[in-house]
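Below is one structure, written out as structure tokens; the observations come after it.
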Amino acid sequence: MKSIGVFTSGGDAPGMNACVRSVVRSGLNLGLNVYGIRYGYNGMINGDMDLMKSHSVSNILQKGGTILKSARSEDFRTKEGRKKAFDHLKANEIDGLVAVGGDGTFTGANIFYEEFGIPTVGVPATIDNDLFGSDYTIGFDTAVNTALEAIDKIRDTANSHDRVFFIEVMGRHSGYIAIHCAIGGGAELVMVPETSTTIQDVIDTLNVGRDKDKTSAIVIVAEGDEQGNAHVIGNRVMEKLPKLDIRISTLGHLQRGGSPTSQDRILASRLGLAAVEGLIDGKSNVMAGIVDNQLIYTSIKLAISKSKPIDNELLRLVQIMNT
């Protein structure tokens, strides 16, 4: 293996730049040519790739977003589009790929490998922390801390006005952000896709709090909860408890941006090196991850197909802290 390509795809996550930096400098250190592929699979299809040097990734460790940009690619969903991508890789004599992204990125990488056989190592970068094969994904820690900063400020307002706030955080299929924010933000209740929480459960929790002379409350809602988003849930509770002063806040895409935390920078750096070394060692169609602080490689098929359960002890902790 003489040349590799690195690309970021799907939703951006804080720490992607730190990972790109690690891939480039690890590759150069190990005697490889490293190409940066812009705009994910679209860039692969269009041949938008350049040979990178050490200075190409200077001063990006602390920056959010991705210098390689990201984009959804409808063309890559077709065999013709993937063949174009393969042809451009071959034209640049690229022997292997480092795919930095989440479920959608890895789904595309898996199909691409099965059709054309280019060795690929994935690096899990998604704020949702929903990929099997790594305790944490790049961007998760930063997203939680960003959300917590907002939740703390909302708590001040809730206390000042004796209000109940329903705060929606990201997580269409995963409650990891919501649970960590609930514990760190001292929420009275958390609602996540993995567990069933009824509107009556919410009402009962709020009523118990009022009986204990709590004058304000925070309910954290993952956007993919089975009862609906924060607006749907908050409005339904308003109908049942019209005397409560209820407000609804959606934190949205602010969770994706910002300078990555030290944990995300270190995780991204470790996984970037692991991806390059994995390619050199002959690994293909696997994802590099950290489990119990140990590096492991998991097949991409397993990473995207096996569910990553939430920790029930964390859910129990939310309940206990609300007593």
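Identifiers in the structure tokens: chain A, B, ... in order shown; residue index from 1 per chain; ligand index from 1 in order shown.
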
Near segment 144-149 of chain A, 10 Å: segment 194-273 of chain A residue rows, closest pairs, only C-alpha atoms, as a Markdown table:
```
| residue | atom | partner | partner_atom | distance |
| --- | --- | --- | --- | --- |
| A:Leu251 | CA | A:Ala147 | CA | 7.1 |
| A:Gly252 | CA | A:Ala147 | CA | 9.3 |
| A:Leu254 | CA | A:Thr146 | CA | 7.6 |
| A:Gln255 | CA | A:Thr146 | CA | 5.9 |
| A:Arg256 | CA | A:Thr146 | CA | 8.6 |
| A:Gly257 | CA | A:Thr146 | CA | 8.5 |
| A:Gly258 | CA | A:Thr146 | CA | 7.9 |
| A:Ser259 | CA | A:Thr146 | CA | 9.7 |
| A:Pro260 | CA | A:Asn145 | CA | 9.6 |
| A:Thr261 | CA | A:Asn145 | CA | 8.3 |
```

Among the residues A:Ala109, A:Leu131, A:Val169, A:Val237, the one that comes closest to Asn285 of chain A [using only C-alpha atoms]:
A:Ala109

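One finds atom CA of Glu188 of chain A at 7.6 Å from atom CA of Gln319 of chain A.
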
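The list of residues with at least one atom within 6 Å of segment 77-91 of chain A, based on only C-alpha atoms and without residues fewer than 3 positions apart in the same chain, reads Met44, Ile45, Gly47, Glu74 and Ile94 of chain A.
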
Export of prior selection with N, CA and C atoms as a compact mmCIF listing (two decimals), in the first residue's frame:
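To be explicit, this is the file written out as out-v1.txt:
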```
# COMPACT_ATOMS: atom_id res chain seq x y z
N MET A 44 -15.45 11.91 -4.38
CA MET A 44 -14.86 10.70 -4.97
C MET A 44 -15.36 10.52 -6.40
N ILE A 45 -16.65 10.75 -6.59
CA ILE A 45 -17.26 10.60 -7.91
C ILE A 45 -16.73 11.65 -8.89
N GLY A 47 -13.83 13.28 -8.62
CA GLY A 47 -12.38 13.38 -8.65
C GLY A 47 -11.85 14.57 -7.89
N GLU A 74 -26.46 11.43 -3.73
CA GLU A 74 -27.46 10.57 -4.38
C GLU A 74 -26.82 9.72 -5.48
N ILE A 94 -4.88 5.28 -5.59
CA ILE A 94 -5.24 5.17 -4.18
C ILE A 94 -5.58 3.72 -3.86
```

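Straight-line separation from atom CA of Ile300 of chain A to atom CA of Met1 of chain A: 20.8 Å.
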